[in-house]
>>> print(open('start_3.txt').read())   # compact mmCIF, C-alpha atoms
# COMPACT_ATOMS: atom_id res chain seq x y z
CA MET A 1 103.70 164.99 51.58
CA HIS A 2 103.22 161.25 51.38
CA ALA A 3 105.89 161.02 48.65
CA TRP A 4 108.40 162.70 50.98
CA LEU A 5 107.57 160.27 53.80
CA ALA A 6 107.86 157.36 51.43
CA ALA A 7 111.28 158.55 50.31
CA CYS A 8 112.41 158.71 53.94
CA TYR A 9 111.25 155.15 54.43
CA GLY A 10 113.23 154.07 51.41
CA LEU A 11 116.39 155.78 52.60
CA VAL A 12 116.10 154.34 56.09
CA GLY A 13 115.09 150.85 55.01
CA GLY A 14 117.39 150.44 52.02
CA GLY A 15 120.26 152.89 52.44
CA VAL A 16 121.09 152.19 56.05
CA LEU A 17 120.84 148.44 55.58
CA VAL A 18 123.06 148.36 52.50
CA ALA A 19 125.54 150.82 54.04
CA MET A 20 126.12 148.46 56.97
CA LEU A 21 126.72 145.41 54.78
CA PRO A 22 130.50 145.97 54.39
CA ALA A 23 130.93 145.91 58.17
CA LEU A 24 128.84 142.78 58.38
CA ALA A 25 130.86 141.22 55.59
CA ARG A 26 134.16 141.89 57.38
CA ALA A 27 132.73 140.39 60.55
CA VAL A 28 131.57 137.29 58.73
CA VAL A 29 134.92 136.86 56.93
CA GLY A 30 136.73 137.13 60.26
CA ARG A 31 134.44 134.54 61.76
CA GLY A 32 134.99 132.29 58.74
CA THR A 33 138.80 132.45 59.19
CA GLU A 34 138.55 131.76 62.89
CA THR A 35 136.22 128.82 62.44
CA SER A 36 138.68 127.24 60.02
CA VAL A 37 141.06 126.84 62.96
CA ILE A 38 138.41 125.30 65.20
CA PRO A 39 136.33 122.94 63.01
CA ALA A 40 134.19 121.80 65.94
CA ARG A 41 132.68 125.28 66.28
CA ARG A 42 132.20 125.95 62.55
CA ALA A 43 128.51 125.06 62.40
CA SER A 44 127.50 127.10 65.44
CA ARG A 45 129.45 130.17 64.33
CA ALA A 46 128.04 129.98 60.80
CA GLU A 47 124.55 129.81 62.29
CA ALA A 48 125.27 132.85 64.46
CA ALA A 49 126.52 134.73 61.39
CA SER A 50 123.39 133.88 59.43
CA MET A 51 121.26 135.45 62.17
CA THR A 52 123.08 138.78 61.95
CA LEU A 53 121.10 139.99 58.93
CA GLU A 54 117.80 139.10 60.59
CA GLN A 55 118.78 140.91 63.78
CA LEU A 56 119.78 143.99 61.81
CA MET A 57 116.51 144.09 59.89
CA ASP A 58 114.59 143.61 63.13
CA CYS A 59 115.94 146.99 64.28
CA LEU A 60 114.87 148.95 61.20
CA PRO A 61 111.76 151.15 61.55
CA ALA A 62 110.74 150.51 57.92
CA ALA A 63 109.10 147.41 56.48
CA THR A 64 111.99 145.63 54.74
CA LEU A 65 112.59 142.42 52.81
CA ALA A 66 115.68 140.60 51.57
CA LEU A 67 115.26 138.55 48.37
CA ASN A 68 117.81 136.11 46.94
CA GLU A 69 118.66 135.74 43.27
CA THR A 70 115.74 133.34 42.77
CA ARG A 71 113.40 136.09 44.08
CA GLN A 72 112.52 134.19 47.23
CA PRO A 73 112.17 136.27 50.43
CA CYS A 74 115.07 135.25 52.70
CA VAL A 75 114.26 137.67 55.50
CA ILE A 76 111.01 139.56 56.21
CA SER A 77 111.31 142.14 58.96
CA PRO A 78 108.78 142.20 61.84
CA GLU A 79 107.60 145.62 60.67
CA ALA A 80 106.83 144.18 57.22
CA HIS A 81 104.88 141.35 58.86
CA ARG A 82 102.99 143.87 61.01
CA GLN A 83 102.05 146.24 58.19
CA PHE A 84 101.37 143.82 55.36
CA LYS A 85 100.64 140.46 57.03
CA ASP A 86 99.57 138.06 54.26
CA CYS A 87 100.09 140.60 51.46
CA VAL A 88 103.89 140.23 51.24
CA GLY A 89 103.64 137.36 48.76
CA SER A 90 101.13 139.28 46.63
CA ILE A 91 103.46 142.31 46.57
CA ILE A 92 106.44 140.24 45.45
CA ARG A 93 104.44 138.44 42.73
CA HIS A 94 102.85 141.63 41.39
CA PRO A 95 103.81 142.36 37.74
CA ALA A 96 104.96 145.92 38.54
CA PHE A 97 107.26 144.61 41.28
CA GLN A 98 108.63 141.78 39.11
CA ASN A 99 109.21 144.11 36.17
CA ARG A 100 111.28 146.52 38.26
CA LEU A 101 113.07 143.58 39.88
CA ASP A 102 114.12 142.41 36.39
CA HIS A 103 115.84 145.74 35.78
CA VAL A 104 117.61 145.68 39.15
CA LEU A 105 118.91 142.14 38.65
CA ALA A 106 120.01 142.90 35.08
CA ASP A 107 122.18 145.82 36.21
CA LEU A 108 125.71 144.30 36.40
CA SER A 109 127.59 147.56 37.05
CA ASP A 110 129.78 148.10 40.10
CA SER A 111 127.23 150.54 41.55
CA PRO A 112 123.81 149.19 40.53
CA ALA A 113 121.06 151.79 40.47
CA PRO A 114 118.15 151.33 42.92
CA GLY A 115 114.71 150.51 41.55
CA GLU A 116 111.29 151.80 42.50
CA ALA A 117 107.87 150.23 41.86
CA VAL A 118 104.30 151.12 42.77
CA VAL A 119 102.18 148.07 43.53
CA VAL A 120 98.37 148.32 43.53
CA LEU A 121 96.57 145.40 45.17
CA ASP A 122 92.82 144.83 44.86
CA ILE A 123 92.54 141.56 46.84
CA PRO A 124 91.89 140.97 49.70
CA GLN A 125 91.61 144.77 50.04
CA TYR A 126 92.66 147.84 48.09
CA ARG A 127 96.24 148.83 48.92
CA VAL A 128 98.89 150.99 47.26
CA VAL A 129 102.46 150.05 48.19
CA ARG A 130 105.66 151.78 47.03
CA ALA A 131 108.74 149.54 46.94
CA TRP A 132 112.42 150.55 46.74
CA MET A 133 114.89 147.88 45.65
CA ARG A 134 118.68 147.80 45.89
CA LYS A 135 121.03 145.00 44.93
CA ALA A 136 124.08 144.18 47.06
CA THR A 137 126.70 141.41 47.16
CA VAL A 138 127.22 139.87 50.58
CA PRO A 139 128.94 136.78 52.02
CA SER A 140 126.81 133.63 51.86
CA ALA A 141 126.99 133.32 55.64
CA LEU A 142 124.56 136.24 55.89
CA VAL A 143 121.91 134.32 53.96
CA PRO A 144 119.62 132.26 56.22
CA GLU A 145 120.04 128.52 55.98
CA GLY A 146 117.84 127.01 53.29
CA TYR A 147 118.36 129.94 50.89
CA ARG A 148 122.10 129.45 50.33
CA LYS A 149 123.67 128.27 47.08
CA PRO A 150 124.95 124.67 46.76
CA GLY A 151 128.54 124.25 47.94
CA PHE A 152 128.08 126.78 50.73
CA SER A 153 131.15 128.62 52.02
CA PRO A 154 130.90 131.49 54.55
CA THR A 155 132.96 133.81 52.34
CA THR A 156 131.36 132.91 48.99
CA PRO A 157 129.69 136.06 47.63
CA THR A 158 125.98 135.98 46.91
CA THR A 159 123.54 138.56 45.63
CA LEU A 160 120.63 139.86 47.68
CA ILE A 161 117.99 142.42 46.75
CA PHE A 162 116.96 144.56 49.70
CA VAL A 163 113.46 146.03 49.50
CA ALA A 164 111.88 148.80 51.57
CA LEU A 165 108.06 148.96 51.50
CA HIS A 166 105.87 151.96 52.26
CA ASP A 167 102.07 151.79 52.43
CA GLU A 168 100.59 154.79 50.56
CA THR A 169 96.99 153.56 50.62
CA GLU A 170 95.73 156.13 53.11
CA ALA A 171 97.30 159.06 51.26
CA VAL A 172 96.03 157.88 47.85
CA VAL A 173 92.50 157.28 49.15
CA ALA A 174 92.46 160.66 50.94
CA GLU A 175 93.59 162.45 47.78
CA ARG A 176 90.95 160.66 45.72
CA GLN A 177 88.24 161.46 48.26
CA HIS A 178 89.27 165.10 48.29
CA THR A 179 89.05 165.27 44.49
CA ASP A 180 85.70 163.48 44.44
CA PHE A 181 84.39 165.67 47.23
CA VAL A 182 85.17 168.90 45.36
CA ALA A 183 83.69 167.51 42.13
CA PHE A 184 80.50 166.21 43.74
CA ALA A 185 79.97 169.29 45.91
CA SER A 186 80.40 171.56 42.89
CA HIS A 187 77.92 169.46 40.92
CA GLU A 188 75.32 169.41 43.71
CA LEU A 189 75.52 173.19 44.17
CA ARG A 190 75.57 173.96 40.45
CA THR A 191 72.11 172.49 39.77
CA PRO A 192 70.04 174.61 42.19
CA LEU A 193 72.21 177.64 41.51
CA ALA A 194 71.58 177.39 37.76
CA ALA A 195 67.85 177.06 38.45
CA LEU A 196 67.87 180.18 40.64
CA LEU A 197 69.78 182.22 38.04
CA GLY A 198 67.39 181.09 35.29
CA PHE A 199 64.27 182.05 37.23
CA ILE A 200 65.77 185.41 38.26
CA GLU A 201 66.47 186.25 34.61
CA THR A 202 62.89 185.26 33.71
CA LEU A 203 61.45 187.41 36.50
CA GLN A 204 63.56 190.33 35.36
CA GLY A 205 62.47 189.92 31.74
CA PRO A 206 59.37 188.17 30.30
CA ALA A 207 57.64 187.61 33.65
CA ALA A 208 58.27 191.06 35.05
CA ASP A 209 54.57 191.98 34.74
CA ASP A 210 53.03 188.52 35.25
CA PRO A 211 51.98 188.05 38.92
CA ALA A 212 50.91 184.42 38.41
CA ALA A 213 54.24 183.46 36.85
CA GLN A 214 56.10 185.38 39.55
CA LYS A 215 54.37 183.42 42.31
CA GLU A 216 55.06 180.09 40.60
CA PHE A 217 58.72 180.90 39.98
CA LEU A 218 59.28 182.27 43.48
CA ASP A 219 57.91 179.07 44.99
CA ILE A 220 60.33 176.99 42.88
CA MET A 221 63.20 179.32 43.79
CA ALA A 222 62.42 178.88 47.47
CA VAL A 223 62.59 175.08 47.07
CA GLN A 224 65.96 175.30 45.30
CA ALA A 225 67.32 177.72 47.90
CA ARG A 226 66.29 175.39 50.73
CA ARG A 227 67.99 172.53 48.87
CA MET A 228 71.23 174.51 48.78
CA GLN A 229 70.84 175.40 52.45
CA ARG A 230 70.37 171.73 53.41
CA LEU A 231 73.44 170.73 51.42
CA LEU A 232 75.60 173.43 53.03
CA ASP A 233 74.29 172.53 56.50
CA SER A 234 75.14 168.87 55.87
CA LEU A 235 78.63 169.77 54.65
CA LEU A 236 79.31 171.94 57.71
CA TYR A 237 77.99 169.26 60.07
CA LEU A 238 80.09 166.59 58.37
CA SER A 239 83.15 168.81 58.70
CA ARG A 240 82.53 169.28 62.44
CA VAL A 241 82.03 165.56 62.95
CA GLN A 242 85.29 164.76 61.17
CA MET A 243 87.21 167.26 63.30
CA GLN A 244 85.90 165.54 66.45
CA GLU A 245 86.30 161.97 65.17
CA HIS A 246 89.48 161.34 67.18
CA LEU A 247 87.83 162.51 70.42
CA ARG A 248 85.82 159.74 72.06
CA PRO A 249 82.74 161.12 73.89
CA THR A 250 82.66 160.59 77.64
CA ASP A 251 79.05 161.44 78.55
CA VAL A 252 76.72 158.62 79.59
CA VAL A 253 73.59 158.31 77.47
CA ALA A 254 70.63 156.17 78.60
CA VAL A 255 69.23 154.27 75.62
CA GLY A 256 65.64 154.57 76.90
CA ALA A 257 65.86 158.36 77.18
CA LEU A 258 67.50 158.56 73.77
CA PHE A 259 64.64 156.61 72.20
CA ASP A 260 62.07 158.86 73.91
CA HIS A 261 63.68 161.97 72.41
CA VAL A 262 63.82 160.41 68.96
CA ARG A 263 60.16 159.33 69.18
CA ALA A 264 59.08 162.87 70.09
CA GLU A 265 61.10 164.46 67.28
CA ALA A 266 59.99 161.90 64.67
CA ALA A 267 56.31 162.44 65.49
CA GLY A 268 56.36 165.80 63.73
CA LEU A 269 57.84 164.28 60.57
CA MET A 270 55.17 161.60 60.36
CA ALA A 271 52.12 163.72 61.10
CA GLY A 272 49.50 163.28 58.38
CA LYS A 273 51.44 160.53 56.56
CA ASN A 274 50.59 156.87 56.12
CA VAL A 275 53.43 155.79 58.42
CA ARG A 276 53.59 153.83 61.67
CA LEU A 277 56.58 154.21 64.03
CA GLU A 278 57.24 151.51 66.61
CA VAL A 279 59.82 152.09 69.35
CA THR A 280 61.01 149.15 71.48
CA PRO A 281 63.85 150.24 73.81
CA GLY A 282 64.68 146.73 75.00
CA ALA A 283 64.32 144.72 78.21
CA GLU A 284 67.06 146.49 80.22
CA PRO A 285 65.75 149.85 81.47
CA GLY A 286 69.16 151.01 82.73
CA LEU A 287 71.11 150.27 79.55
CA SER A 288 73.57 153.09 78.83
CA VAL A 289 76.32 153.89 76.36
CA ALA A 290 79.17 156.40 76.40
CA GLY A 291 78.32 158.98 73.79
CA ASP A 292 77.25 162.40 72.64
CA GLU A 293 73.46 162.40 73.01
CA VAL A 294 72.93 165.12 70.39
CA GLN A 295 74.99 163.26 67.80
CA LEU A 296 73.37 159.89 68.54
CA GLN A 297 69.93 161.49 68.27
CA GLN A 298 70.94 163.04 64.94
CA VAL A 299 72.16 159.65 63.68
CA LEU A 300 68.88 157.89 64.50
CA MET A 301 66.86 160.74 63.02
CA ASN A 302 68.92 160.56 59.82
CA LEU A 303 68.11 156.86 59.50
CA ILE A 304 64.41 157.40 60.22
CA GLU A 305 64.22 160.29 57.72
CA ASN A 306 65.85 158.09 55.06
CA ALA A 307 63.36 155.29 55.75
CA LEU A 308 60.48 157.77 55.59
CA LYS A 309 61.67 159.54 52.45
CA TYR A 310 62.43 156.46 50.35
CA GLY A 311 59.58 154.40 51.80
CA LEU A 312 56.93 156.99 50.92
CA ALA A 313 58.35 157.21 47.40
CA ASP A 314 57.42 153.53 46.99
CA ARG A 315 53.68 153.89 47.54
CA GLY A 316 52.61 151.74 44.59
CA ARG A 317 54.09 148.52 45.96
CA ARG A 318 52.41 148.78 49.36
CA GLN A 319 48.89 149.17 47.91
CA GLY A 320 47.61 151.39 50.70
CA GLN A 321 49.38 149.61 53.55
CA PRO A 322 51.21 151.95 55.94
CA LEU A 323 54.97 152.21 55.90
CA CYS A 324 56.25 150.66 59.13
CA ILE A 325 59.45 151.97 60.74
CA THR A 326 60.78 150.24 63.86
CA LEU A 327 63.39 151.61 66.25
CA SER A 328 64.65 148.81 68.48
CA CYS A 329 67.43 147.83 70.85
CA GLU A 330 68.86 144.34 71.33
CA PRO A 331 72.04 142.54 72.44
CA PRO A 332 74.32 141.65 69.51
CA PRO A 333 74.00 138.02 68.39
CA PRO A 334 77.05 135.79 69.07
CA ASP A 335 77.80 135.26 65.38
CA GLY A 336 81.25 136.84 65.21
CA CYS A 337 80.06 139.84 63.19
CA TRP A 338 80.35 142.22 66.13
CA PRO A 339 83.17 143.10 68.57
CA GLY A 340 83.67 140.77 71.50
CA GLU A 341 83.33 143.43 74.18
CA PRO A 342 79.94 144.16 75.80
CA GLY A 343 77.77 146.14 73.41
CA VAL A 344 74.28 146.88 72.20
CA LEU A 345 72.62 147.06 68.78
CA LEU A 346 70.40 150.01 67.88
CA ASN A 347 68.30 149.07 64.85
CA VAL A 348 66.19 151.14 62.45
CA THR A 349 64.07 148.80 60.31
CA ASP A 350 61.60 149.77 57.59
CA THR A 351 59.24 148.00 55.19
CA GLY A 352 60.30 150.16 52.26
CA PRO A 353 61.52 149.15 48.79
CA GLY A 354 64.89 147.80 49.91
CA ILE A 355 68.32 148.36 48.35
CA PRO A 356 70.09 146.15 45.79
CA ALA A 357 73.05 144.28 47.27
CA ARG A 358 75.59 145.86 44.91
CA HIS A 359 74.99 149.29 46.49
CA LEU A 360 75.31 148.32 50.17
CA SER A 361 79.11 148.61 50.44
CA ARG A 362 79.08 152.16 49.02
CA LEU A 363 76.17 153.71 50.91
CA THR A 364 78.42 155.56 53.38
CA GLU A 365 80.44 157.25 50.63
CA ARG A 366 79.88 160.98 50.33
CA PHE A 367 77.30 161.96 47.70
CA TYR A 368 76.63 158.34 46.78
CA ARG A 369 72.99 157.70 45.93
CA VAL A 370 71.23 154.65 44.54
CA ALA A 371 70.60 155.46 40.88
CA ARG A 372 67.03 154.16 40.80
CA THR A 373 65.86 156.38 43.66
CA ALA A 374 68.08 159.44 43.13
CA ALA A 375 65.80 160.83 40.43
CA SER A 376 62.59 160.47 42.43
CA VAL A 377 63.94 161.51 45.85
CA GLN A 378 66.08 164.58 46.43
CA GLY A 379 68.88 164.00 48.89
CA SER A 380 72.38 165.27 49.43
CA GLY A 381 73.99 161.83 49.65
CA LEU A 382 75.71 162.89 52.90
CA GLY A 383 73.36 161.44 55.53
CA LEU A 384 74.92 157.98 55.82
CA ALA A 385 78.43 159.43 55.55
CA ILE A 386 77.61 161.51 58.65
CA VAL A 387 76.21 158.42 60.37
CA GLN A 388 79.41 156.48 59.65
CA HIS A 389 81.68 159.21 61.04
CA VAL A 390 79.59 159.66 64.20
CA VAL A 391 79.50 155.90 64.85
CA THR A 392 83.26 155.68 64.30
CA ARG A 393 83.81 158.49 66.80
CA HIS A 394 81.80 156.50 69.35
CA GLY A 395 83.95 153.41 68.81
CA GLY A 396 81.01 151.61 67.19
CA ARG A 397 80.18 149.81 63.98
CA PHE A 398 77.57 150.61 61.34
CA VAL A 399 76.04 147.96 59.03
CA VAL A 400 73.21 148.17 56.49
CA GLU A 401 71.25 145.01 55.66
CA SER A 402 68.67 145.10 52.89
CA ALA A 403 66.84 143.06 50.28
CA VAL A 404 64.83 144.41 47.35
CA GLY A 405 61.11 144.26 48.14
CA LYS A 406 61.66 143.30 51.79
CA GLY A 407 62.88 146.51 53.40
CA THR A 408 66.07 147.70 55.07
CA THR A 409 67.65 147.39 58.52
CA CYS A 410 70.37 149.77 59.68
CA ARG A 411 72.30 148.42 62.67
CA ILE A 412 74.53 150.46 64.98
CA TRP A 413 76.73 148.60 67.44
CA LEU A 414 77.88 150.70 70.42
CA PRO A 415 79.89 149.64 73.49
CA VAL A 416 77.87 149.76 76.71
CA VAL A 417 79.02 151.56 79.84
CA ARG A 418 80.32 148.92 82.24
CA GLY A 419 78.69 148.82 85.63
CA LEU A 420 75.64 150.83 84.51
CA SER A 421 73.94 148.43 82.16
>>> encode(input="start_3.txt", output="structure tokens")
Amino acid sequence: MHAWLAACYGLVGGGVLVAMLPALARAVVGRGTETSVIPARRASRAEAASMTLEQLMDCLPAATLALNETRQPCVISPEAHRQFKDCVGSIIRHPAFQNRLDHVLADLSDSPAPGEAVVVLDIPQYRVVRAWMRKATVPSALVPEGYRKPGFSPTTPTTLIFVALHDETEAVVAERQHTDFVAFASHELRTPLAALLGFIETLQGPAADDPAAQKEFLDIMAVQARRMQRLLDSLLYLSRVQMQEHLRPTDVVAVGALFDHVRAEAAGLMAGKNVRLEVTPGAEPGLSVAGDEVQLQQVLMNLIENALKYGLADRGRRQGQPLCITLSCEPPPPDGCWPGEPGVLLNVTDTGPGIPARHLSRLTERFYRVARTAASVQGSGLGLAIVQHVVTRHGGRFVVESAVGKGTTCRIWLPVVRGLS
């Protein structure tokens, strides 16, 4: 699908532009003849002619460029500026682009073949851009001033390479995520399923008359079955959240009431464990956000469960001290890290083992788990992916801050309801 859309962009951006060049050339030649009769107006008419190509490219819906023979961009369309901003130079300098450009420039036939290149950028962010190139000969008057050859004459032919750009990043990333999702989901389900099949075969054979072994194996099978059930529940919930991600919630949720519900639900999880939960709802009792209360409660519970699960697995470091989990609310600091509109930070902080910095940027990926803790703590790797999608649906921002040995803080920025806070 994305290849078809990209082809349409190429046809619109390159084909239409090059097809109109003969008409532009005739117009420029006519203007050049007329200006030879009136020398006083030659400069102004040549300037007007040089703007024609820019005006034409301004009207194209695709991101387009015009390069001269020295590979300098003569004209960059507004759509190219909007889509690629500071990446245009990186695209042009990319080896894949330059290699295809060499072939296009080397084609000296009357009907040069178009070129196509796929550019993959890693800096400043990952992007995949498909570029179509087509060479055309046009009057020099079409070339903006400063990019013309020495000895400029309005009718002197010059070569331009017209480029149409299409951003395929979203389609490539979606395809990769789909592939990874199927692979990871299959792997996560295969492990408990293989365990169940193995124990069933044992119960049907060697342990058929061994009540003690049957009880032991049935207990293990129940654990594996619950693991599969949790994974499927998480997958279904993630699917529902993604389907609703474009629908912003409109209900008003009081932060104080939300914290009360979370405190009551978390109490059951912490009963009998060496854990202390502190809830500080903030100084503003009427603070409210626009949101889905059930989803926000699920998000905070996911973060608390993670803190509890991984914190209790690190008992040796605490030497008998209780694990402390804090749920707090505060205004965002004016440090430029958060949106400028009025908002509030909901924080879940723990005194657990912390997370190495290299993992922080990938925590919200589906099925991603920190290698050191994955073996000791069973988890689906979907909890923070769900948190990210829910926060995105609420128009918020989710950030994880952590240091090894010092604990972790999960921050959720949400816009406040104006007039009620």
>>> atom_distance(input="start_3.txt", atom1="CA of Asp122 (chain A)", atom2="CA of Glu175 (chain A)")
17.9 Å
>>> closest_residue(input="start_3.txt", among="A:Ala96, A:Leu303, A:Leu105, A:Ala113", to="Ala385 (chain A)", atoms="all atoms listed in the file")
A:Leu303
>>> residues_near_point(input="start_3.txt", point="(84.1, 158.1, 64.8)", cutoff="7 Å", atoms="all atoms listed in the file", output="ChimeraX atom specification")
/A:245-246,389-395
>>> residues_around(input="start_3.txt", residues="Gln83 (chain A)", least_positions_apart="6", cutoff="12 Å", atoms="only C-alpha atoms", output="number ranges by chain")
A: 61-64, 76-77, 127, 129, 165-169
>>> closest_residue(input="start_3.txt", among="A:Met270, A:Pro112, A:Leu382, A:Asp219", to="Leu232 (chain A)", atoms="only C-alpha atoms")
A:Leu382
>>> build_atoms(input="start_3.txt", residues="region 67-78 of chain A", atoms="N, CA, C and O atoms", output="mmCIF file, in the coordinates of the input")
data_model
loop_
_atom_site.group_PDB
_atom_site.id
_atom_site.type_symbol
_atom_site.label_atom_id
_atom_site.label_comp_id
_atom_site.auth_asym_id
_atom_site.auth_seq_id
_atom_site.Cartn_x
_atom_site.Cartn_y
_atom_site.Cartn_z
ATOM 1 N N LEU A 67 115.546 139.591 49.354
ATOM 2 C CA LEU A 67 115.260 138.550 48.370
ATOM 3 C C LEU A 67 116.574 137.990 47.837
ATOM 4 O O LEU A 67 117.547 138.746 47.639
ATOM 5 N N ASN A 68 116.627 136.676 47.571
ATOM 6 C CA ASN A 68 117.810 136.110 46.940
ATOM 7 C C ASN A 68 117.675 136.198 45.425
ATOM 8 O O ASN A 68 116.705 136.749 44.897
ATOM 9 N N GLU A 69 118.645 135.612 44.720
ATOM 10 C CA GLU A 69 118.660 135.740 43.270
ATOM 11 C C GLU A 69 117.499 135.010 42.606
ATOM 12 O O GLU A 69 117.137 135.310 41.465
ATOM 13 N N THR A 70 116.915 134.044 43.308
ATOM 14 C CA THR A 70 115.740 133.340 42.770
ATOM 15 C C THR A 70 114.439 134.035 43.150
ATOM 16 O O THR A 70 113.368 133.470 42.971
ATOM 17 N N ARG A 71 114.533 135.232 43.733
ATOM 18 C CA ARG A 71 113.400 136.090 44.080
ATOM 19 C C ARG A 71 112.599 135.554 45.263
ATOM 20 O O ARG A 71 111.461 135.964 45.474
ATOM 21 N N GLN A 72 113.176 134.683 46.023
ATOM 22 C CA GLN A 72 112.520 134.190 47.230
ATOM 23 C C GLN A 72 112.845 135.117 48.402
ATOM 24 O O GLN A 72 113.987 135.562 48.542
ATOM 25 N N PRO A 73 111.878 135.421 49.262
ATOM 26 C CA PRO A 73 112.170 136.270 50.430
ATOM 27 C C PRO A 73 112.964 135.504 51.491
ATOM 28 O O PRO A 73 112.447 134.579 52.105
ATOM 29 N N CYS A 74 114.224 135.883 51.679
ATOM 30 C CA CYS A 74 115.070 135.250 52.700
ATOM 31 C C CYS A 74 114.737 135.746 54.097
ATOM 32 O O CYS A 74 114.698 134.965 55.042
ATOM 33 N N VAL A 75 114.551 137.051 54.210
ATOM 34 C CA VAL A 75 114.260 137.670 55.500
ATOM 35 C C VAL A 75 113.120 138.661 55.310
ATOM 36 O O VAL A 75 113.146 139.464 54.370
ATOM 37 N N ILE A 76 112.119 138.589 56.176
ATOM 38 C CA ILE A 76 111.010 139.560 56.210
ATOM 39 C C ILE A 76 111.025 140.181 57.598
ATOM 40 O O ILE A 76 110.905 139.476 58.597
ATOM 41 N N SER A 77 111.194 141.489 57.661
ATOM 42 C CA SER A 77 111.310 142.140 58.960
ATOM 43 C C SER A 77 109.987 142.096 59.716
ATOM 44 O O SER A 77 108.912 141.993 59.106
ATOM 45 N N PRO A 78 110.030 142.164 61.056
ATOM 46 C CA PRO A 78 108.780 142.200 61.840
ATOM 47 C C PRO A 78 107.860 143.340 61.445
ATOM 48 O O PRO A 78 106.641 143.198 61.470
#
